[in-house]
Every structure is written in structure tokens, then in C-alpha cells.
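K.L.:
Coordinates in input15.txt, compact mmCIF, C-alpha atoms, are listed below.
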# COMPACT_ATOMS: atom_id res chain seq x y z
CA MET A 23 -38.60 18.75 5.76
CA SER A 24 -35.12 19.75 4.62
CA GLU A 25 -34.07 20.37 1.00
CA THR A 26 -30.62 20.26 -0.53
CA VAL A 27 -29.35 20.64 -4.10
CA ILE A 28 -27.15 18.03 -5.78
CA THR A 29 -25.35 18.79 -9.04
CA SER A 30 -22.74 16.02 -9.21
CA ARG A 31 -23.49 12.58 -10.67
CA HIS A 32 -20.89 11.17 -8.30
CA ASN A 33 -22.73 12.25 -5.17
CA PRO A 34 -22.93 9.29 -2.74
CA LEU A 35 -26.72 9.53 -2.49
CA LEU A 36 -27.12 9.21 -6.26
CA VAL A 37 -24.68 6.31 -6.43
CA HIS A 38 -26.64 4.68 -3.60
CA VAL A 39 -30.05 5.05 -5.24
CA LYS A 40 -28.77 3.60 -8.53
CA LYS A 41 -27.40 0.55 -6.72
CA LEU A 42 -30.66 0.10 -4.81
CA GLN A 43 -32.51 -0.05 -8.13
CA SER A 44 -30.16 -2.58 -9.69
CA SER A 45 -29.12 -5.02 -6.94
CA ARG A 46 -31.31 -7.24 -4.77
CA SER A 47 -28.38 -8.20 -2.56
CA TYR A 48 -27.51 -4.53 -2.04
CA ARG A 49 -31.10 -3.79 -1.03
CA ARG A 50 -30.97 -6.58 1.54
CA LYS A 51 -27.58 -5.46 2.82
CA CYS A 52 -28.73 -1.85 3.27
CA GLY A 53 -32.26 -2.66 4.42
CA GLU A 54 -33.64 -0.18 1.89
CA PHE A 55 -35.29 -0.06 -1.52
CA ALA A 56 -35.88 2.62 -4.13
CA ALA A 57 -38.93 3.42 -6.25
CA ASP A 58 -39.56 5.82 -9.13
CA GLY A 59 -42.47 8.11 -9.94
CA THR A 60 -44.57 10.88 -8.46
CA LYS A 61 -47.72 8.74 -8.21
CA LEU A 62 -45.87 6.03 -6.31
CA LEU A 63 -44.39 8.71 -4.07
CA GLU A 64 -47.92 9.85 -3.19
CA GLU A 65 -48.81 6.28 -2.22
CA ALA A 66 -45.68 5.88 -0.12
CA ALA A 67 -46.21 9.22 1.63
CA ARG A 68 -49.77 8.22 2.46
CA TRP A 69 -49.31 4.61 3.50
CA TYR A 70 -45.68 3.67 4.17
CA PRO A 71 -43.87 4.81 7.33
CA GLY A 72 -40.47 3.75 5.96
CA LEU A 73 -40.21 6.60 3.43
CA HIS A 74 -37.21 8.75 4.33
CA THR A 75 -35.54 10.32 1.27
CA VAL A 76 -36.82 11.87 -1.98
CA ILE A 77 -34.68 12.83 -4.98
CA ALA A 78 -36.68 15.26 -7.10
CA GLN A 79 -36.01 17.06 -10.33
CA GLU A 80 -35.85 20.83 -10.09
CA GLY A 81 -39.25 22.39 -10.69
CA ILE A 82 -41.24 19.20 -10.03
CA ALA A 83 -44.05 19.73 -7.52
CA LEU A 84 -44.16 17.13 -4.75
CA CYS A 85 -47.02 15.83 -2.68
CA THR A 86 -47.20 16.61 1.02
CA LEU A 87 -44.40 14.69 2.73
CA PRO A 88 -43.79 13.80 6.37
CA GLY A 89 -41.58 16.34 8.10
CA THR A 90 -38.83 13.76 8.65
CA VAL A 91 -38.31 13.15 4.90
CA ARG A 92 -35.16 14.51 3.31
CA VAL A 93 -35.52 16.05 -0.16
CA ALA A 94 -32.65 16.45 -2.63
CA ARG A 95 -33.19 18.47 -5.83
CA VAL A 96 -31.29 17.55 -8.99
CA PRO A 97 -31.15 18.89 -12.57
CA GLU A 98 -33.15 17.13 -15.30
CA SER A 99 -29.98 15.65 -16.80
CA ILE A 100 -29.15 13.89 -13.55
CA MET A 101 -32.71 12.64 -13.14
CA ARG A 102 -32.48 11.03 -16.59
CA ASP A 103 -29.22 9.42 -15.51
CA ILE A 104 -30.47 7.88 -12.26
CA SER A 105 -34.00 6.90 -13.31
CA LEU A 106 -34.70 3.55 -14.94
CA MET A 107 -37.74 4.94 -16.74
CA ASP A 108 -37.57 5.96 -20.40
CA THR A 109 -39.49 9.12 -19.50
CA PRO A 110 -38.75 9.94 -15.85
CA GLN A 111 -41.57 11.53 -13.88
CA GLY A 112 -39.11 13.58 -11.88
CA ALA A 113 -39.00 11.86 -8.49
CA LEU A 114 -37.20 8.85 -7.02
CA PHE A 115 -37.42 7.94 -3.37
CA ILE A 116 -35.86 5.63 -0.83
CA CYS A 117 -37.67 3.62 1.83
CA ARG A 118 -36.62 1.25 4.57
CA LEU A 119 -37.51 -2.37 3.92
CA PRO A 120 -40.29 -3.62 6.19
CA GLU A 121 -39.18 -5.33 9.37
CA ASP A 122 -38.93 -9.10 9.26
CA ARG A 123 -41.97 -10.76 10.76
CA THR A 124 -43.04 -14.31 11.42
CA ALA A 125 -44.71 -15.51 8.25
CA GLU A 126 -47.98 -17.39 8.57
CA ILE A 127 -50.54 -18.87 6.21
CA ALA A 128 -54.25 -18.30 6.74
CA PRO A 129 -57.19 -19.87 4.91
CA GLY A 130 -57.76 -17.95 1.68
CA SER A 131 -54.06 -17.23 1.14
CA LEU A 132 -52.29 -17.21 -2.20
CA LEU A 133 -48.84 -18.82 -2.32
CA LEU A 134 -46.51 -17.84 -5.14
CA ASP A 135 -43.97 -20.49 -6.10
CA GLY A 136 -41.09 -19.25 -8.24
CA VAL A 137 -42.93 -16.34 -9.90
CA GLN A 138 -39.83 -14.69 -11.33
CA ASP A 139 -41.19 -11.93 -13.54
CA PRO A 140 -41.36 -8.66 -11.55
CA GLY A 141 -44.19 -7.36 -13.72
CA ASN A 142 -46.29 -10.43 -13.00
CA LEU A 143 -45.44 -10.32 -9.30
CA GLY A 144 -46.34 -6.64 -9.03
CA THR A 145 -49.64 -7.18 -10.85
CA ILE A 146 -50.52 -10.07 -8.52
CA LEU A 147 -49.73 -7.96 -5.45
CA ARG A 148 -51.86 -5.13 -6.81
CA THR A 149 -54.83 -7.46 -7.34
CA ALA A 150 -54.33 -9.15 -3.96
CA ASP A 151 -54.35 -5.75 -2.27
CA ALA A 152 -57.60 -4.84 -4.03
CA LEU A 153 -59.28 -8.13 -3.08
CA ASP A 154 -57.73 -8.33 0.41
CA VAL A 155 -56.04 -11.68 -0.23
CA PRO A 156 -52.92 -12.51 1.84
CA VAL A 157 -49.89 -13.35 -0.32
CA VAL A 158 -46.91 -15.50 0.65
CA LEU A 159 -43.79 -15.60 -1.51
CA LEU A 160 -42.06 -18.99 -1.67
CA ASP A 161 -38.70 -19.98 -3.11
CA GLY A 162 -37.55 -18.44 -6.38
CA CYS A 163 -39.88 -15.45 -6.52
CA ALA A 164 -38.84 -12.05 -7.82
CA ASP A 165 -38.03 -9.37 -5.25
CA ALA A 166 -41.21 -7.65 -4.09
CA TYR A 167 -39.16 -4.48 -3.56
CA SER A 168 -37.37 -4.21 -6.88
CA ALA A 169 -38.16 -1.00 -8.73
CA LYS A 170 -40.01 -2.94 -11.46
CA THR A 171 -42.17 -4.90 -9.01
CA VAL A 172 -43.05 -1.82 -6.97
CA ARG A 173 -44.03 0.05 -10.13
CA ALA A 174 -46.17 -2.87 -11.40
CA SER A 175 -47.87 -3.10 -8.00
CA MET A 176 -48.97 0.55 -8.32
CA GLY A 177 -48.02 1.09 -4.70
CA ALA A 178 -49.71 -2.03 -3.28
CA VAL A 179 -46.48 -2.98 -1.48
CA PHE A 180 -46.79 0.21 0.56
CA ARG A 181 -50.22 -0.84 1.84
CA THR A 182 -49.93 -4.62 2.28
CA GLN A 183 -46.55 -6.31 2.48
CA PRO A 184 -46.28 -9.95 1.34
CA ALA A 185 -44.81 -12.54 3.68
CA SER A 186 -41.99 -14.92 2.67
CA MET A 187 -41.16 -18.50 3.58
CA THR A 188 -39.62 -21.63 2.08
CA ARG A 189 -41.66 -24.40 0.50
CA GLU A 190 -40.85 -26.62 3.47
CA GLN A 191 -42.08 -24.00 5.91
CA ALA A 192 -45.27 -23.51 3.90
CA LEU A 193 -46.04 -27.21 3.89
CA ALA A 194 -45.37 -27.47 7.63
CA CYS A 195 -47.55 -24.42 8.34
CA CYS A 196 -50.48 -25.80 6.35
CA ARG A 197 -50.23 -29.16 8.12
CA GLU A 198 -50.02 -27.56 11.56
CA LYS A 199 -53.07 -25.35 10.92
CA LYS A 200 -54.93 -28.07 8.99
CA ILE A 201 -55.26 -25.81 5.95
CA VAL A 202 -56.02 -27.60 2.70
CA LEU A 203 -53.27 -26.86 0.18
CA LEU A 204 -54.30 -26.80 -3.48
CA ALA A 205 -51.92 -26.44 -6.41
CA THR A 206 -52.86 -25.07 -9.82
CA ALA A 207 -51.94 -27.59 -12.49
CA MET A 208 -52.82 -28.56 -16.04
CA SER A 209 -53.26 -32.24 -15.30
CA ASP A 210 -55.94 -34.88 -15.74
CA ASP A 211 -56.50 -35.22 -11.98
CA ALA A 212 -57.04 -31.48 -11.43
CA VAL A 213 -60.59 -30.38 -10.62
CA ASP A 214 -62.41 -27.29 -11.85
CA LEU A 215 -61.55 -24.45 -9.42
CA ARG A 216 -65.22 -23.40 -9.45
CA THR A 217 -66.08 -26.55 -7.50
CA ALA A 218 -63.39 -26.16 -4.82
CA PRO A 219 -63.91 -24.27 -1.51
CA LEU A 220 -61.04 -21.89 -2.15
CA ALA A 221 -61.92 -19.46 0.66
CA ARG A 222 -60.94 -22.16 3.18
CA CYS A 223 -57.81 -23.29 1.31
CA ALA A 224 -54.37 -22.02 0.45
CA VAL A 225 -53.71 -22.02 -3.29
CA VAL A 226 -50.32 -22.24 -5.01
CA ILE A 227 -49.60 -20.43 -8.27
CA GLY A 228 -46.44 -21.57 -10.04
CA SER A 229 -43.81 -19.92 -12.19
CA GLU A 230 -44.46 -18.58 -15.67
CA GLY A 231 -42.55 -21.33 -17.44
CA GLN A 232 -42.47 -24.33 -15.10
CA GLY A 233 -45.67 -24.11 -13.10
CA VAL A 234 -45.83 -25.32 -9.49
CA SER A 235 -42.70 -27.14 -8.31
CA HIS A 236 -42.71 -30.95 -8.20
CA GLU A 237 -42.20 -30.79 -4.44
CA LEU A 238 -45.42 -28.87 -3.82
CA LEU A 239 -47.39 -30.80 -6.45
CA ALA A 240 -46.45 -34.07 -4.79
CA GLN A 241 -47.43 -32.93 -1.29
CA ALA A 242 -50.46 -30.75 -2.05
CA ASP A 243 -53.87 -32.00 -0.89
CA GLY A 244 -55.29 -31.53 -4.35
CA LYS A 245 -54.96 -29.86 -7.74
CA ILE A 246 -57.22 -27.31 -9.40
CA VAL A 247 -57.43 -26.05 -12.95
CA ILE A 248 -58.92 -22.97 -14.57
CA PRO A 249 -61.27 -24.20 -17.30
CA MET A 250 -60.40 -22.77 -20.69
CA SER A 251 -60.70 -23.45 -24.38
CA ALA A 252 -58.96 -26.60 -25.55
CA ARG A 253 -56.99 -24.56 -28.07
CA CYS A 254 -55.31 -22.58 -25.26
CA GLU A 255 -52.30 -24.09 -23.52
CA SER A 256 -51.94 -21.85 -20.45
CA LEU A 257 -52.51 -18.44 -18.90
CA ASN A 258 -50.12 -15.72 -17.79
CA ALA A 259 -49.25 -16.19 -14.10
CA ALA A 260 -50.76 -12.84 -13.11
CA VAL A 261 -53.99 -13.57 -14.99
CA ALA A 262 -54.27 -17.04 -13.45
CA ALA A 263 -53.65 -15.62 -9.98
CA SER A 264 -56.33 -12.96 -10.50
CA ILE A 265 -58.90 -15.59 -11.49
CA VAL A 266 -58.01 -17.72 -8.47
CA MET A 267 -58.25 -14.76 -6.08
CA TRP A 268 -61.61 -13.69 -7.52
CA GLN A 269 -62.91 -17.22 -6.97
CA MET A 270 -61.52 -17.16 -3.42
CA LYS A 271 -63.62 -14.12 -2.57
CA ARG A 272 -66.89 -15.44 -4.02
If you took the structure in this file and wrote it as C-alpha cells, what would it be?
P.N.:
Amino acid sequence: MSETVITSRHNPLLVHVKKLQSSRSYRRKCGEFAADGTKLLEEAARWYPGLHTVIAQEGIALCTLPGTVRVARVPESIMRDISLMDTPQGALFICRLPEDRTAEIAPGSLLLDGVQDPGNLGTILRTADALDVPVVLLDGCADAYSAKTVRASMGAVFRTQPASMTREQALACCREKKIVLLATAMSDDAVDLRTAPLARCAVVIGSEGQGVSHELLAQADGKIVIPMSARCESLNAAVAASIVMWQMKR
């Protein structure tokens, strides 16, 4: 493991890590993403082979890192400048994005349709990792490798990477494999999720504001609803997904 010292805010590495944190298109172009925090760094060092660079504040103790990882030390003032956190923990790091792989849907999968809030997405990925539920990201979802999503996932993205596909691909995959596709919906024809065999189905969770897209609602094999008090209109997407995944594993 090699260490260098950086004292200039204009250093190319620091410019690079700031852009990785702020731009999804830049992350895709570079094939890299950045995350922030010593706890997340521990998770990446333990689970994720794509970790390659750490930017650490002077005096901050680091976990054991692979010998191939580059470490750059910076003053506290620079760490405050490059970190998105109000109170930086003293370590940012850069990883390679996972290699593209053929996305598939298995029975017991959770499909996320247009979940745009990175906090909700990260929380869902964290719960899915804990319950061992495969997750597939459909059109319109937040970036699983944005700094906010990675932080909300508490490192789950380093252990289990979500797959991605379009709505059309998801529908075709379910038909080909004869997987029953259920959509969560607040509608009169939706059935209580406690009566549905969710472990053998794929379940769609929709966006925070719009719910499941009309396209998937129209072509799903059925609709399910989480029973709740009549005075409540809806649930947060991450909470709804957690309830669905818990029911899947029963």
C-alpha cells in the first residue's frame, strides 16, 4: 500500500472524486464511484474487490486495506471541501463499478420501478441484503452507486449488487420463466399480500409519488396491497418494500 500527501485543492484526484460524487453520467463514463466514511470503507475493504483508492484526512486511522489500494492523505480543510457530509468522518474512497452482467429475475425477487429517492433506494438495498432478497432496478430508479445511496445502504452494495433492466425486459423475463408478476397498488382489485404466495412471485414496488407505472400495472398478473388503517393513505417506498420482503421470506 502506497501513501502520498496532497495539499492542493486543484489536484486532479480531488477534482475527480468530487465529480464522481456529483454526476451519474461521469460515474458511468469513468466506470467508477465514490463513497464517504470510515465505516463504509471497512465494508468495502472486506467485501468489494473494486476498491482501489482512499483519500484520508491526516491523523485518521484506517482499517486494514488490500496492498493494491492507493492512499492519499489530505489536511482537514481539504477533507471538508471534498466531502458531502456536514461532519466528514475523514475518509473518502473510489471503487470500480461492478462489471455489467446479464440481468435475470428469479422467484422471490423485488423489482423497483422508478424509486428515485437515493435514501429510500439505499434502505431497500440494505434490507434486501439482510433478508437475501434479489433486487432488480427498472426504469427511472436512482443510481445505486451515488454517494447518498451507498451511504443509506450501509455498505450493502459492496456485498450484493442489484441488477438492472428495462420494464419491457422484466416483463419478457417473467413470461419466459413463468414467474408470476405482482404489483403493489392501492386499488379495489388488489388482494391482501398476506394471502399471496410471494416467495414464488416477483413483486414490483413503485415510485414514492406515482406508484407502479401504468405499463407494469396493466401487464402484471395481479395486484397486492399492504393492509393498513383506513385513515392512512400510503407508506414510504422503503417501508413498503421492507414489509413485502419480510412476507416473501415467511
K.L.:
I need the residue nearest Glu54 (chain A) from this list: A:Ile28, A:Leu160, A:Ala83, A:Ala169. Use only C-alpha atoms for the distance.
P.N.:
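Using only C-alpha atoms, Glu54 (chain A) sits closest to A:Ala169.
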K.L.:
Do you know which residues are at most 6 Å from region 106-112 of chain A counting all atoms listed in the file, after dropping those on the same chain fewer than 5 positions away, and could you put them as JSON, numbers by chain?
P.N.:
{"A": [59, 78, 79]}
K.L.:
From the options A:Ser131, A:Ser24, A:Ser47, A:Thr75, which residue's atoms come nearest to Lys271 (chain A), counting all atoms listed in the file?
P.N.:
A:Ser131
K.L.:
Give me, please, the distance in Å between CA of Glu80 (chain A) and CA of Pro97 (chain A), quoted to one decimal.
P.N.:
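Computed distance, CA of Glu80 (chain A) to CA of Pro97 (chain A), equals 5.7 Å.
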K.L.:
Please check which residues have atoms at most 8 Å from (-46.0, -11.7, -8.5) in the file's coordinates, counting only C-alpha atoms, and write them as a list in words.
P.N.:
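Returned residue set, sorted by chain then number, is Leu134, Val137, Gln138, Asp139, Pro140, Gly141, Asn142, Leu143, Gly144, Thr145, Ile146, Leu147, Cys163, Ala164, Ala166, Thr171, Ala259 and Ala260 of chain A.
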K.L.:
Counting only C-alpha atoms, figure out which residue out of A:Cys195, A:Ile104, A:Leu203, A:Pro120 gets nearest to Arg181 (chain A).
P.N.:
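Checking each candidate against Arg181 (chain A), we get A:Pro120 as the closest.
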K.L.:
Taking into account all atoms listed in the file, which residue in the set A:Ala192, A:Ala67, A:Met208, A:Leu87 is nearest to Cys254 (chain A)?
P.N.:
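Of A:Ala192, A:Ala67, A:Met208, A:Leu87, the one nearest Cys254 (chain A) is A:Met208, counting all atoms listed in the file.
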K.L.:
I need the residue nearest Ala212 (chain A) from this list: A:Glu190, A:Glu237, A:Asp243, A:Glu65. Use all atoms listed in the file for the distance.
P.N.:
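For Ala212 (chain A), the nearest of the given residues is A:Asp243.
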K.L.:
If you take all atoms listed in the file and a cut-off of 9 Å, which residues of region 60-165 of chain A touch region 36-42 of chain A, and what are their nearest atom pairs and distances in Å to one decimal, in chain and number order, as a Markdown table?
P.N.:
| residue | atom | partner | partner_atom | distance |
| --- | --- | --- | --- | --- |
| A:Ile77 | CA | A:Leu36 | CA | 8.5 |
| A:Ile100 | CA | A:Leu36 | CA | 8.9 |
| A:Ile104 | CA | A:Lys40 | CA | 5.9 |
| A:Ser105 | CA | A:Lys40 | CA | 7.8 |
| A:Leu106 | CA | A:Lys40 | CA | 8.7 |
| A:Leu114 | CA | A:Val39 | CA | 8.3 |
| A:Phe115 | CA | A:Val39 | CA | 8.1 |
| A:Ile116 | CA | A:Val39 | CA | 7.3 |
K.L.:
Between CA of Ala66 (chain A) and CA of Gly177 (chain A), what is the distance in Å, rounded to a tenth?
P.N.:
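CA of Ala66 (chain A) sits 7.0 Å away from CA of Gly177 (chain A).
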K.L.:
Within 12 Å of (-60.3, -23.0, -1.6), in the coordinates the file gives, what residues turn up when you count all atoms listed in the file, written out as a PyMOL selection string?
P.N.:
chain A and resi 128-132+201-206+213-226+243-246+266-272
K.L.:
Quote the spacing between CA of Gly136 (chain A) and CA of Gln191 (chain A) in Å to one decimal place.
P.N.:
15.0 Å
K.L.:
Of the candidates A:Arg118, A:His32, A:Arg189, A:Arg173, which one gets nearest to Cys52 (chain A) if we count all atoms listed in the file?
P.N.:
A:Arg118
